[in-house]
>>> print(open('entry18.cif').read())   # mmCIF, C-alpha atoms
data_work
loop_
_atom_site.label_atom_id
_atom_site.label_comp_id
_atom_site.auth_asym_id
_atom_site.auth_seq_id
_atom_site.Cartn_x
_atom_site.Cartn_y
_atom_site.Cartn_z
CA MET A 1 -7.55 -30.20 15.02
CA THR A 2 -8.48 -26.55 14.41
CA THR A 3 -5.76 -23.98 13.73
CA ARG A 4 -6.32 -20.61 15.36
CA ILE A 5 -5.43 -17.91 12.85
CA LEU A 6 -5.16 -14.15 13.36
CA ILE A 7 -5.29 -11.76 10.39
CA CYS A 8 -3.94 -8.33 11.31
CA ASP A 9 -4.48 -5.54 8.77
CA ASP A 10 -5.95 -2.05 9.03
CA SER A 11 -7.69 -2.53 5.66
CA ALA A 12 -11.08 -4.27 5.69
CA LEU A 13 -10.55 -5.29 2.05
CA ALA A 14 -7.15 -6.82 2.85
CA ARG A 15 -8.59 -8.77 5.78
CA LYS A 16 -11.38 -10.09 3.56
CA GLN A 17 -8.94 -11.04 0.76
CA MET A 18 -6.62 -12.81 3.20
CA ALA A 19 -9.47 -14.79 4.76
CA ARG A 20 -10.65 -15.84 1.28
CA ALA A 21 -7.14 -16.94 0.35
CA LEU A 22 -7.14 -19.59 3.09
CA PRO A 23 -7.68 -23.09 1.61
CA GLU A 24 -11.24 -24.39 1.86
CA GLY A 25 -10.14 -27.65 3.51
CA LEU A 26 -8.36 -25.88 6.35
CA GLN A 27 -10.25 -26.15 9.63
CA ALA A 28 -9.48 -22.77 11.13
CA ASP A 29 -10.74 -20.43 13.79
CA VAL A 30 -10.09 -17.09 12.07
CA ARG A 31 -9.92 -13.86 14.03
CA PHE A 32 -9.10 -10.31 13.02
CA ALA A 33 -7.15 -7.33 14.37
CA VAL A 34 -7.32 -3.88 12.82
CA ASP A 35 -3.94 -2.71 14.14
CA GLY A 36 -0.81 -3.89 15.89
CA LYS A 37 -1.98 -3.10 19.39
CA GLU A 38 -5.12 -5.20 19.00
CA ALA A 39 -3.08 -8.05 17.51
CA LEU A 40 -0.66 -8.07 20.45
CA ALA A 41 -3.53 -8.10 22.93
CA LYS A 42 -4.96 -11.21 21.24
CA LEU A 43 -1.55 -12.89 21.12
CA ARG A 44 -0.91 -12.22 24.80
CA ASN A 45 -4.27 -13.87 25.44
CA HIS A 46 -3.11 -16.93 23.45
CA GLU A 47 -5.83 -16.53 20.82
CA ALA A 48 -3.73 -17.52 17.79
CA GLU A 49 -0.99 -19.92 16.72
CA LEU A 50 -0.51 -18.40 13.26
CA MET A 51 -0.70 -14.73 12.28
CA PHE A 52 -0.84 -13.04 8.89
CA LEU A 53 0.58 -9.56 9.55
CA ASP A 54 0.44 -6.38 7.49
CA LEU A 55 3.40 -3.98 7.74
CA ASN A 56 1.83 -0.63 6.93
CA MET A 57 -0.60 0.24 9.75
CA PRO A 58 -1.36 3.25 12.00
CA GLU A 59 -0.59 3.35 15.71
CA MET A 60 1.78 0.36 15.61
CA ASP A 61 3.14 -0.99 12.33
CA GLY A 62 4.12 -4.55 11.50
CA TYR A 63 7.79 -4.02 12.28
CA GLU A 64 6.93 -2.86 15.78
CA VAL A 65 4.61 -5.84 16.27
CA LEU A 66 7.40 -8.25 15.29
CA GLU A 67 9.82 -6.52 17.66
CA GLU A 68 7.32 -6.85 20.53
CA ILE A 69 6.64 -10.53 19.72
CA ARG A 70 10.37 -11.25 19.88
CA LYS A 71 10.82 -9.18 23.04
CA GLU A 72 7.97 -10.96 24.87
CA ASP A 73 8.71 -14.34 23.26
CA LEU A 74 5.06 -14.75 22.26
CA PRO A 75 4.31 -18.23 20.83
CA VAL A 76 3.06 -17.47 17.31
CA MET A 77 4.22 -18.15 13.74
CA THR A 78 4.04 -14.95 11.71
CA ILE A 79 3.75 -14.59 7.96
CA VAL A 80 3.99 -11.00 6.75
CA VAL A 81 1.52 -9.99 4.02
CA SER A 82 2.39 -6.62 2.53
CA GLY A 83 2.28 -4.39 -0.51
CA ASP A 84 5.82 -3.24 0.36
CA ILE A 85 7.84 -5.56 -1.88
CA GLN A 86 11.23 -3.89 -1.45
CA PRO A 87 13.98 -6.51 -0.91
CA GLU A 88 15.04 -4.62 2.22
CA ALA A 89 11.52 -4.98 3.69
CA ARG A 90 11.68 -8.76 3.24
CA GLU A 91 15.10 -8.94 4.87
CA ARG A 92 14.04 -6.81 7.83
CA VAL A 93 10.95 -8.87 8.69
CA LYS A 94 12.91 -12.13 8.45
CA LYS A 95 15.50 -10.75 10.89
CA LEU A 96 12.67 -9.81 13.24
CA GLY A 97 11.33 -13.36 13.28
CA ALA A 98 8.73 -13.62 10.51
CA ILE A 99 8.81 -17.10 8.99
CA ASP A 100 7.85 -15.87 5.50
CA PHE A 101 6.60 -13.02 3.35
CA ILE A 102 3.64 -12.84 0.92
CA LYS A 103 3.08 -9.89 -1.39
CA LYS A 104 -0.37 -8.36 -1.79
CA PRO A 105 -2.85 -9.08 -3.23
CA THR A 106 -2.76 -12.58 -1.77
CA GLU A 107 -3.07 -15.73 -3.89
CA THR A 108 -4.54 -18.95 -2.52
CA SER A 109 -1.92 -21.11 -4.25
CA ILE A 110 0.91 -19.30 -2.44
CA VAL A 111 -0.89 -19.45 0.90
CA VAL A 112 -1.55 -23.19 0.46
CA ARG A 113 2.09 -23.84 -0.40
CA LEU A 114 3.35 -22.01 2.68
CA LEU A 115 0.82 -23.53 5.06
CA THR A 116 1.67 -26.99 3.76
CA GLU A 117 5.40 -26.30 4.01
CA TYR A 118 5.09 -25.22 7.64
CA GLY A 119 2.83 -28.12 8.59
CA VAL A 120 -0.29 -26.05 9.25
CA TYR A 121 -2.27 -27.51 6.35
CA ARG A 122 -2.27 -31.16 5.28
CA PRO A 123 -4.73 -31.41 2.38
CA GLY A 124 -4.94 -35.22 2.31
CA ASP A 125 -5.54 -35.71 6.02
CA ILE A 126 -8.19 -33.03 6.31
CA GLU A 127 -10.07 -34.04 3.16
CA ASP A 128 -10.08 -37.72 4.19
CA ALA A 129 -11.51 -36.74 7.56
CA ALA A 130 -14.13 -34.59 5.87
CA LEU A 131 -15.34 -37.56 3.80
CA GLN A 132 -15.95 -39.52 6.98
CA ASP A 133 -17.52 -36.73 9.00
CA ALA A 134 -20.40 -34.84 7.40
CA SER A 135 -19.93 -32.00 9.87
CA LEU A 136 -16.59 -31.16 8.21
CA ARG A 137 -17.61 -31.34 4.57
CA SER A 138 -18.41 -27.75 3.84
CA THR A 139 -17.18 -25.86 6.85
CA GLY A 140 -13.86 -24.46 5.63
CA SER A 141 -12.45 -21.47 7.47
CA THR A 142 -14.94 -19.70 9.71
CA ALA A 143 -14.73 -15.94 9.90
CA PRO A 144 -17.16 -13.08 10.52
CA GLU A 145 -18.43 -11.10 7.54
CA ILE A 146 -16.45 -7.96 6.69
CA SER A 147 -17.93 -4.86 5.05
CA VAL A 148 -15.71 -2.83 2.73
CA SER A 149 -16.18 0.88 1.87
CA LEU A 150 -15.07 2.60 -1.33
CA ASN A 151 -12.43 4.56 0.62
CA ASP A 152 -11.04 1.36 2.12
CA TYR A 153 -10.97 -0.23 -1.33
CA LEU A 154 -9.07 2.71 -2.84
CA GLN A 155 -6.66 2.83 0.09
CA GLU A 156 -5.79 -0.85 -0.27
CA ILE A 157 -5.28 -0.88 -4.05
CA SER A 158 -3.23 2.32 -3.62
CA ASN A 159 -1.18 0.58 -0.94
CA VAL A 160 -0.34 -2.25 -3.36
CA ALA A 161 0.44 0.17 -6.22
CA MET A 162 2.57 2.30 -3.89
CA GLY A 163 4.56 -0.81 -3.01
CA ARG A 164 5.43 -1.28 -6.67
CA SER A 165 6.50 2.32 -7.23
CA SER A 166 8.52 2.36 -4.00
CA ASP A 167 10.22 -0.90 -4.96
CA LEU A 168 11.25 0.55 -8.33
CA LEU A 169 12.54 3.72 -6.66
CA ALA A 170 14.41 1.73 -4.02
CA ARG A 171 16.13 -0.47 -6.61
CA LEU A 172 17.13 2.48 -8.80
CA LEU A 173 18.46 4.62 -5.95
CA ARG A 174 19.60 1.80 -3.65
CA VAL A 175 17.70 3.21 -0.70
CA PHE A 176 14.87 2.11 1.56
CA VAL A 177 11.58 3.93 0.92
CA LYS A 178 9.39 4.30 3.98
CA GLN A 179 5.81 3.29 3.28
CA PRO A 180 3.14 5.76 4.42
CA ILE A 181 -0.54 4.86 4.68
CA PRO A 182 -2.24 6.26 1.55
CA LYS A 183 -4.84 8.90 2.39
CA VAL A 184 -8.12 8.92 0.49
CA ALA A 185 -10.58 11.83 0.53
CA PHE A 186 -13.47 13.16 -1.54
CA LEU A 187 -12.65 16.86 -2.02
CA ALA A 188 -13.67 19.86 -4.07
CA ASN A 189 -10.98 21.16 -6.42
CA SER A 190 -10.60 24.28 -4.29
CA GLU A 191 -9.79 22.13 -1.24
CA LEU A 192 -6.95 20.11 -2.77
CA HIS A 193 -4.25 21.90 -0.79
CA MET A 194 -5.93 20.57 2.37
CA ALA A 195 -5.21 17.00 1.26
CA ILE A 196 -1.46 17.47 1.42
CA SER A 197 -0.49 16.71 5.00
CA SER A 198 3.28 17.08 4.93
CA VAL A 199 3.76 20.57 3.50
CA SER A 200 4.77 23.73 5.31
CA ASP A 201 3.42 27.18 4.44
CA SER A 202 6.96 28.52 4.31
CA ASP A 203 8.28 25.87 1.91
CA THR A 204 8.25 26.15 -1.86
CA TYR A 205 7.63 23.31 -4.28
CA SER A 206 7.77 22.47 -7.95
CA ALA A 207 5.13 20.32 -9.61
CA VAL A 208 4.51 18.16 -12.64
CA CYS A 209 1.19 16.63 -13.69
CA GLN A 210 0.19 13.85 -16.09
CA GLY A 211 -3.32 12.90 -17.16
CA PHE A 212 -4.53 9.31 -17.52
CA THR A 213 -7.61 7.56 -18.87
CA GLY A 214 -8.99 4.05 -19.06
CA ALA A 215 -12.30 2.30 -19.65
CA GLY A 216 -14.55 3.99 -17.09
CA ILE A 217 -11.87 5.92 -15.23
CA ALA A 218 -10.00 9.20 -15.73
CA GLY A 219 -7.91 11.62 -13.76
CA GLU A 220 -4.47 13.09 -13.34
CA ALA A 221 -1.38 12.45 -11.27
CA LEU A 222 0.50 15.30 -9.61
CA LEU A 223 4.00 15.15 -8.17
CA LEU A 224 4.88 17.94 -5.74
CA PHE A 225 8.61 18.07 -5.10
CA ALA A 226 10.14 20.16 -2.33
CA ASP A 227 12.66 22.63 -3.75
CA ALA A 228 15.05 21.90 -0.88
CA SER A 229 15.29 18.28 -2.06
CA PHE A 230 16.42 18.90 -5.65
CA LYS A 231 20.20 18.87 -5.10
CA ASP A 232 20.14 15.65 -3.04
CA MET A 233 17.95 13.91 -5.57
CA ALA A 234 20.11 15.02 -8.49
CA GLU A 235 23.11 13.57 -6.66
CA MET A 236 21.32 10.25 -6.08
CA LEU A 237 20.35 10.11 -9.76
CA HIS A 238 24.05 10.62 -10.64
CA TYR A 239 23.61 13.81 -12.65
CA GLU A 240 26.79 15.58 -13.68
CA ASN A 241 25.37 18.98 -12.74
CA LEU A 242 23.55 19.15 -9.41
CA GLU A 243 22.05 22.65 -9.55
CA GLY A 244 20.18 24.85 -12.01
CA GLU A 245 16.70 25.14 -13.49
CA ALA A 246 17.37 22.61 -16.24
CA VAL A 247 18.48 20.03 -13.67
CA ASN A 248 15.42 20.70 -11.53
CA VAL A 249 13.10 20.06 -14.46
CA GLU A 250 15.02 16.90 -15.29
CA VAL A 251 14.63 15.67 -11.69
CA LEU A 252 10.88 16.40 -11.83
CA MET A 253 10.47 14.50 -15.10
CA ASP A 254 12.57 11.52 -14.01
CA MET A 255 10.81 11.20 -10.67
CA SER A 256 7.36 11.51 -12.23
CA SER A 257 8.28 8.88 -14.82
CA ILE A 258 9.39 6.46 -12.10
CA LEU A 259 6.54 7.03 -9.67
CA PHE A 260 3.61 7.69 -12.02
CA GLY A 261 4.41 4.80 -14.35
CA ALA A 262 4.78 2.12 -11.69
CA PHE A 263 1.92 3.39 -9.51
CA LEU A 264 -0.63 3.75 -12.31
CA LYS A 265 0.31 0.37 -13.78
CA GLY A 266 -0.22 -1.12 -10.32
CA ILE A 267 -3.67 0.49 -10.13
CA GLY A 268 -4.54 -0.63 -13.66
CA ASP A 269 -3.47 -4.23 -13.04
CA GLN A 270 -5.71 -4.45 -9.97
CA LEU A 271 -8.67 -2.88 -11.80
CA ASP A 272 -8.03 -5.14 -14.80
CA LEU A 273 -7.65 -2.28 -17.28
CA LYS A 274 -4.91 -0.53 -19.21
CA LEU A 275 -4.45 3.13 -18.39
CA GLY A 276 -3.30 5.45 -21.15
CA LEU A 277 -0.97 8.25 -20.03
CA GLY A 278 -0.82 11.79 -21.41
CA HIS A 279 2.30 13.90 -21.68
CA PRO A 280 3.77 15.19 -18.39
CA THR A 281 3.55 18.95 -17.90
CA VAL A 282 5.42 21.18 -15.45
CA LEU A 283 2.80 23.14 -13.51
CA GLY A 284 5.24 25.54 -11.93
CA GLN A 285 8.48 25.87 -10.02
CA HIS A 286 9.53 27.35 -6.67
CA ARG A 287 6.02 28.25 -5.56
CA GLN A 288 3.77 27.51 -2.62
CA ILE A 289 1.32 24.62 -2.84
CA THR A 290 -1.77 26.81 -3.09
CA GLU A 291 -0.30 28.58 -6.13
CA LEU A 292 0.66 25.31 -7.83
CA LEU A 293 -2.89 24.03 -7.45
CA GLU A 294 -4.46 27.29 -8.61
CA HIS A 295 -5.53 25.84 -11.97
CA HIS A 296 -7.92 23.47 -10.15
CA ARG A 297 -9.82 26.23 -8.33
CA THR A 298 -11.90 27.18 -11.37
CA ARG A 299 -13.35 23.67 -11.72
CA GLU A 300 -16.62 22.83 -10.03
CA GLU A 301 -16.45 19.04 -9.72
CA GLN A 302 -15.33 17.07 -6.74
CA LEU A 303 -12.41 14.67 -6.97
CA LEU A 304 -11.41 11.46 -5.28
CA CYS A 305 -7.96 12.33 -4.01
CA ILE A 306 -5.29 9.79 -3.05
CA GLU A 307 -2.21 11.24 -1.35
CA ILE A 308 1.10 9.47 -0.87
CA CYS A 309 4.14 11.10 0.71
CA TYR A 310 7.36 9.36 -0.33
CA THR A 311 10.20 9.48 2.20
CA LEU A 312 13.67 8.07 1.65
CA GLU A 313 15.23 6.65 4.80
CA ASP A 314 18.18 8.70 6.12
CA ARG A 315 17.69 11.28 3.35
CA ASP A 316 16.16 14.74 3.57
CA ILE A 317 14.12 14.29 0.41
CA GLU A 318 10.41 15.04 0.32
CA CYS A 319 7.84 14.56 -2.43
CA ASP A 320 4.09 14.14 -2.47
CA MET A 321 2.06 12.38 -5.12
CA LEU A 322 -1.62 13.10 -5.62
CA ILE A 323 -3.83 10.86 -7.73
CA LEU A 324 -6.99 12.77 -8.63
CA LEU A 325 -9.91 10.71 -9.94
CA THR A 326 -12.93 12.39 -11.54
CA GLU A 327 -16.48 12.08 -10.21
CA ASP A 328 -17.36 10.10 -13.35
CA SER A 329 -14.89 7.40 -12.24
CA VAL A 330 -16.85 6.60 -9.06
CA PRO A 331 -19.50 4.26 -10.62
CA PHE A 332 -16.76 2.18 -12.26
CA LEU A 333 -14.84 1.91 -9.00
CA GLU A 334 -17.99 0.95 -7.08
CA ASP A 335 -18.71 -1.81 -9.62
CA ARG A 336 -15.18 -3.17 -9.24
CA LEU A 337 -15.50 -3.08 -5.47
CA GLN A 338 -18.80 -4.95 -5.58
CA TYR A 339 -17.25 -7.61 -7.79
CA LEU A 340 -14.38 -8.09 -5.33
CA VAL A 341 -16.48 -8.40 -2.18
CA ASP A 342 -19.34 -10.55 -3.52
#
>>> encode(input="entry18.cif", output="structure tokens")
Amino acid sequence: MTTRILICDDSALARKQMARALPEGLQADVRFAVDGKEALAKLRNHEAELMFLDLNMPEMDGYEVLEEIRKEDLPVMTIVVSGDIQPEARERVKKLGAIDFIKKPTETSIVVRLLTEYGVYRPGDIEDAALQDASLRSTGSTAPEISVSLNDYLQEISNVAMGRSSDLLARLLRVFVKQPIPKVAFLANSELHMAISSVSDSDTYSAVCQGFTGAGIAGEALLLFADASFKDMAEMLHYENLEGEAVNVEVLMDMSSILFGAFLKGIGDQLDLKLGLGHPTVLGQHRQITELLEHHRTREEQLLCIEICYTLEDRDIECDMLILLTEDSVPFLEDRLQYLVD
């Protein structure tokens, strides 16, 4: 009997990785959806009995999909597959009806264990049948080929790394960190301010930067912290003094240590390399974004820019992180991508 499986993820790389994580002996009709709306349309058409669902998607995220499944009582078992590993995220999807949760990147051993536990995959039965029927011997899961771009690759590994940094922040501050979709763009240094989607021309920010290098990759991380958020963040970090320039610098350094360290380690682990970090440096305080990024304008090269806007639920705290990768890093990243998709 063939199991109809739907993999819903806006990332082509994530869809490919999830399909590859399915056990070879599983006879499955695998279909894909690139967002929540497409997934619901397929479920309403009874095209799947089991769905692997991402949480962080445009248009309609995984939480909204789960709410709609419960509202319409759609007959599907849902396993959430996400880079958001916050304990609160796991609890929320379980309450919404997901039968389990898998963290990204997916591992076949975990998928096999869950599918066996829920009765979807019975290794012995399927393999015995395959020995008797030549038509089943090398079929495995059938799925269309998926092409993956460099931008998609960077967005997905950033999504996983963001999940780690958000989880650390959530545990330290005892809050829920909303997960944005990382934005990836190839920009000239002079255009960096255009990459930051959440800023207002009237707002002022303070910034800290930290360089990093590894075998074949180099760049710098920038944290842009809204001045209006300093007092609230100092309170959440349990500082004795909540205002003043010294406190603001301390907030900048603590936040950059939390977010840069976890994010860059997450990137390094996925690229199978160790990233060395330079010393953090305050770029400026209480200035507009264009002024804070002024030191980049004199450089000629283009950069691969990854932007993540961190938002704390029910808190008026705003900070943007930019990961800027040099042009010389592109060949290394393309090689890693080719290795993953071959």
>>> residues_around(input="entry18.cif", residues="A:Phe176", least_positions_apart="6", cutoff="10 Å", atoms="only C-alpha atoms", output="list in words")
Gln86, Pro87, Glu88, Ala89, Ser166, Asp167, Leu169, Ala170, Thr311, Leu312, Glu313, Asp314 and Arg315 of chain A
>>> write_last_selection(input="entry18.cif", atoms="C-alpha atoms", output="compact mmCIF listing (two decimals), in the frame of the given file")
# COMPACT_ATOMS: atom_id res chain seq x y z
CA GLN A 86 11.23 -3.89 -1.45
CA PRO A 87 13.98 -6.51 -0.91
CA GLU A 88 15.04 -4.62 2.22
CA ALA A 89 11.52 -4.98 3.69
CA SER A 166 8.52 2.36 -4.00
CA ASP A 167 10.22 -0.90 -4.96
CA LEU A 169 12.54 3.72 -6.66
CA ALA A 170 14.41 1.73 -4.02
CA THR A 311 10.20 9.48 2.20
CA LEU A 312 13.67 8.07 1.65
CA GLU A 313 15.23 6.65 4.80
CA ASP A 314 18.18 8.70 6.12
CA ARG A 315 17.69 11.28 3.35
>>> residues_near_point(input="entry18.cif", point="(1.3, -21.6, 19.0)", cutoff="12 Å", atoms="all atoms listed in the file", output="number ranges by chain")
A: 2-6, 43-51, 73-78, 120
>>> closest_residue(input="entry18.cif", among="A:Gly268, A:Pro23, A:Pro280, A:Gly219", to="A:Met253", atoms="only C-alpha atoms")
A:Pro280
>>> closest_residue(input="entry18.cif", among="A:Ile146, A:Ile306, A:Ala218, A:Ala21", to="A:Ile181", atoms="all atoms listed in the file")
A:Ile306
>>> residues_around(input="entry18.cif", residues="A:Gly36", least_positions_apart="6", cutoff="10 Å", atoms="only C-alpha atoms", output="ChimeraX atom specification")
/A:8-10,42,53-66,68
>>> axis_aligned_box(input="entry18.cif", around="stretch 315-332 of chain A", padding_each_side="4 Å", output="lines of an AutoDock Vina configuration file")
center_x = -0.9
center_y = 8.6
center_z = -4.9
size_x = 45.2
size_y = 20.9
size_z = 24.9
>>> closest_residue(input="entry18.cif", among="A:Arg15, A:Lys265, A:His286, A:Lys274", to="A:Thr106", atoms="only C-alpha atoms")
A:Arg15
>>> resolve_selection(input="entry18.cif", expression="the PyMOL selection byres ((chain A and resi 152) around 10)", output="count of residues only")
19
>>> closest_residue(input="entry18.cif", among="A:Gln17, A:Asn241, A:Gln285, A:Gln179", to="A:Asp84", atoms="only C-alpha atoms")
A:Gln179
>>> atom_distance(input="entry18.cif", atom1="atom CA of A:Leu115", atom2="atom CA of A:Arg90")
18.4 Å
